[in-house]
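Structure file coords25.cif; described as mmCIF, C-alpha atoms.
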```cif
data_my_file
#
loop_
_atom_site.label_atom_id
_atom_site.label_comp_id
_atom_site.auth_asym_id
_atom_site.auth_seq_id
_atom_site.Cartn_x
_atom_site.Cartn_y
_atom_site.Cartn_z
CA MET F 6 119.98 105.33 161.01
CA ALA F 7 118.61 104.22 157.68
CA ALA F 8 114.88 104.57 157.19
CA ALA F 9 114.51 100.85 156.45
CA ALA F 10 116.22 99.88 159.72
CA ARG F 11 114.10 102.36 161.66
CA PHE F 12 110.92 100.92 160.10
CA LEU F 13 112.03 97.37 160.97
CA LEU F 14 112.60 98.33 164.61
CA LEU F 15 109.27 100.12 164.85
CA SER F 16 107.33 97.34 163.14
CA ARG F 17 108.68 94.79 165.61
CA GLY F 18 107.98 96.98 168.65
CA VAL F 19 111.65 97.20 169.62
CA LEU F 20 112.34 99.87 172.21
CA PHE F 21 115.57 101.82 171.96
CA GLY F 22 114.37 105.41 172.40
CA SER F 23 116.38 108.40 171.31
CA ARG F 24 119.71 106.50 171.09
CA LEU F 25 118.63 105.39 167.63
CA GLY F 26 117.10 108.69 166.66
CA LEU F 27 113.50 107.73 167.36
CA SER F 28 111.42 110.70 168.40
CA ALA F 29 109.08 108.81 170.74
CA VAL F 30 109.46 105.66 172.78
CA GLN F 31 106.87 103.06 171.94
CA LYS F 32 104.93 101.12 174.53
CA PRO F 33 105.76 97.42 174.75
CA LEU F 34 103.35 95.32 172.70
CA TRP F 35 101.75 93.78 175.81
CA GLN F 36 100.66 97.25 176.91
CA LYS F 37 98.78 97.69 173.64
CA SER F 38 95.94 95.44 174.68
CA SER F 39 93.69 94.30 171.87
CA CYS F 40 90.92 94.04 174.46
CA VAL F 41 90.48 97.58 175.67
CA GLN F 42 88.90 99.76 173.01
CA PRO F 43 88.58 103.53 173.38
CA GLY F 44 85.19 105.13 173.52
CA PRO F 45 82.16 105.17 175.81
CA ALA F 46 81.27 101.52 175.25
CA ARG F 47 84.53 100.44 176.91
CA CYS F 48 84.84 102.99 179.72
CA TYR F 49 85.21 101.23 183.05
CA SER F 50 85.74 102.68 186.49
CA SER F 51 88.83 101.79 188.50
CA ASN F 52 86.55 99.71 190.76
CA ASP F 53 85.70 97.34 187.91
CA LYS F 54 88.04 94.49 188.80
CA VAL F 55 87.99 90.77 188.14
CA THR F 56 89.75 88.20 190.32
CA VAL F 57 91.48 85.37 188.47
CA ASN F 58 92.95 82.21 190.01
CA PHE F 59 95.85 80.75 188.01
CA ILE F 60 96.82 77.15 188.79
CA ASN F 61 100.53 77.07 187.96
CA ARG F 62 102.46 74.07 186.60
CA ASP F 63 103.46 73.00 190.10
CA GLY F 64 99.83 73.05 191.33
CA GLU F 65 100.22 76.34 193.24
CA THR F 66 97.26 78.73 192.96
CA LEU F 67 98.27 82.30 192.12
CA VAL F 68 95.59 84.96 192.56
CA ALA F 69 95.57 88.20 190.58
CA GLU F 70 93.14 91.02 190.05
CA GLY F 71 92.73 92.68 186.66
CA LYS F 72 90.67 95.46 185.20
CA LEU F 73 87.65 94.78 183.03
CA GLY F 74 88.72 94.68 179.41
CA GLU F 75 92.34 93.69 180.10
CA SER F 76 93.78 90.55 178.54
CA LEU F 77 94.90 87.72 180.80
CA LEU F 78 98.43 88.16 179.40
CA ARG F 79 98.45 91.78 180.53
CA VAL F 80 97.24 90.77 184.01
CA VAL F 81 100.05 88.21 184.35
CA ILE F 82 102.70 90.70 183.24
CA GLU F 83 101.46 93.73 185.19
CA LYS F 84 100.89 91.76 188.39
CA ASN F 85 104.24 89.97 187.97
CA ILE F 86 102.65 86.52 188.25
CA ASP F 87 105.41 83.89 188.25
CA ILE F 88 104.56 81.67 185.26
CA ASP F 89 107.71 80.51 183.43
CA GLY F 90 107.86 81.49 179.76
CA PHE F 91 104.37 83.04 179.72
CA GLY F 92 103.78 85.52 176.89
CA ALA F 93 107.04 85.21 174.96
CA CYS F 94 105.68 87.04 171.89
CA GLU F 95 104.08 89.78 174.02
CA GLY F 96 100.60 89.15 172.66
CA THR F 97 101.35 89.33 168.94
CA LEU F 98 99.86 85.88 168.21
CA ALA F 99 103.28 84.51 167.25
CA CYS F 100 103.58 81.79 169.92
CA SER F 101 101.48 79.70 172.27
CA THR F 102 103.26 80.41 175.56
CA CYS F 103 100.19 82.08 177.09
CA HIS F 104 98.14 78.90 176.56
CA LEU F 105 95.58 78.48 179.36
CA ILE F 106 92.94 75.86 180.07
CA PHE F 107 89.53 77.16 181.12
CA GLU F 108 86.69 75.66 183.13
CA ASP F 109 83.81 74.55 180.90
CA HIS F 110 81.33 77.16 182.17
CA ILE F 111 83.83 80.00 181.61
CA PHE F 112 84.96 78.68 178.22
CA GLU F 113 81.37 78.95 177.01
CA LEU F 114 81.39 82.70 177.83
CA LEU F 115 84.51 83.47 175.77
CA ASP F 116 84.44 85.28 172.45
CA PRO F 117 84.90 83.00 169.43
CA VAL F 118 88.43 81.88 168.58
CA THR F 119 89.99 83.49 165.49
CA ASP F 120 91.81 81.56 162.77
CA GLU F 121 95.10 83.17 163.85
CA GLU F 122 94.63 82.05 167.46
CA MET F 123 93.66 78.56 166.32
CA ASP F 124 96.89 78.33 164.28
CA MET F 125 98.94 79.13 167.41
CA LEU F 126 96.90 76.77 169.59
CA ASP F 127 97.77 73.98 167.15
CA LEU F 128 101.39 74.42 168.32
CA ALA F 129 100.55 74.31 172.04
CA TYR F 130 101.44 71.37 174.27
CA GLY F 131 98.64 69.86 176.33
CA LEU F 132 95.88 71.24 174.13
CA THR F 133 92.35 70.56 175.45
CA GLU F 134 88.79 71.26 174.35
CA THR F 135 88.81 74.38 176.56
CA SER F 136 92.27 75.75 175.64
CA ARG F 137 92.72 79.39 174.64
CA LEU F 138 95.55 81.92 174.50
CA GLY F 139 95.61 84.37 177.40
CA CYS F 140 96.58 87.25 175.11
CA GLN F 141 93.23 86.88 173.34
CA ILE F 142 90.96 86.63 176.38
CA CYS F 143 89.56 89.89 177.75
CA LEU F 144 88.25 90.08 181.30
CA LYS F 145 84.49 90.42 181.77
CA LYS F 146 82.46 90.72 184.98
CA SER F 147 81.06 87.22 184.41
CA MET F 148 84.62 85.85 184.76
CA ASN F 149 85.11 87.11 188.32
CA GLY F 150 86.57 84.35 190.49
CA MET F 151 87.35 82.05 187.56
CA THR F 152 90.14 79.51 187.71
CA VAL F 153 92.43 78.90 184.74
CA LYS F 154 95.08 76.20 184.53
CA VAL F 155 98.56 76.68 183.10
CA PRO F 156 99.49 73.55 181.08
CA GLU F 157 102.35 71.42 182.40
CA ALA F 158 104.59 72.22 179.41
CA VAL F 159 105.00 75.12 177.02
CA ALA F 160 106.37 75.40 173.48
CA ASP F 161 108.85 78.29 173.61
CA VAL F 162 111.17 78.74 170.63
CA ARG F 163 113.58 80.75 172.80
CA GLN F 164 114.57 77.58 174.62
CA ALA F 165 115.96 74.31 173.29
CA VAL F 166 113.87 72.19 175.69
CA ASP F 167 110.31 72.33 176.98
CA VAL F 168 109.64 74.23 180.16
CA GLY F 169 107.64 71.92 182.38
CA LYS F 170 107.24 70.88 185.99
CA SER F 171 110.92 70.03 186.42
CA SER F 172 112.24 73.52 185.67
#
```
Encoding of this model in structure tokens:
Amino acid sequence: MAAAARFLLLSRGVLFGSRLGLSAVQKPLWQKSSCVQPGPARCYSSNDKVTVNFINRDGETLVAEGKLGESLLRVVIEKNIDIDGFGACEGTLACSTCHLIFEDHIFELLDPVTDEEMDMLDLAYGLTETSRLGCQICLKKSMNGMTVKVPEAVADVRQAVDVGKSS
């Protein structure tokens, strides 16, 4: 395989393993959480869990437990929470499919929004004053028991139509 093609595959996080002559299989991008940083400041015990209530598009409440420092996107994927179209770009800030709406008191606890996240939020359907992208929100103890709402529609470039209540 040409070096340029190999670089392109690696830079996009594509996983093909040794069939393409790659020496090591990369982790999917969603496993490379931007939230969990190595080092003593971010060492948590396995007992450090946060419970999150997701209100899905159909009004159903889905409950998941995540580790401190994990992103909400990672929690949804690892716990196999059934939210249509959630996390299409795998946390690379290239879509707005992990758009979530937070309660006011939780929204105030979140880290500041970056310019890159704001650019993607501008593309989100149902944007509110307390909207954020789940791939950018890291779990903290103060978030335990929080409720987040999944908007009724999502902008997903993989599909020709919006995914909403009717799908």
Close residues, range 50-64 of chain F itself excluded, 12 Å, only C-alpha atoms, min 2 positions apart in chain, as a PyMOL selection string: chain F and resi 45+47-48+66-78+80-81+84+86-91+103-108+111+131+139+143-159+168-172
Go through F:Ile82, F:Phe112, F:Asp124, F:Thr119 one by one, measure the shortest atom-to-atom distance of each to Ser136 in chain F using all atoms listed in the file, and give the residue with the smallest value. F:Phe112
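Of note, CA of Gly96 in chain F and CA of Ala129 in chain F are spaced 14.9 Å apart.
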Straight-line distance linking CA of Met125 in chain F with CA of Thr97 in chain F, stated in Å to one decimal: 10.6 Å
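Straight-line separation from CA of Thr133 in chain F to CA of Leu98 in chain F: 18.5 Å.
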Need the axis-aligned box for range 83-101 of chain F with 5 Å each side, so what are the centre and edges in Å to one decimal, as lines of an AutoDock Vina configuration file?
```
center_x = 103.9
center_y = 86.7
center_z = 177.8
size_x = 18.0
size_y = 24.0
size_z = 31.1
```
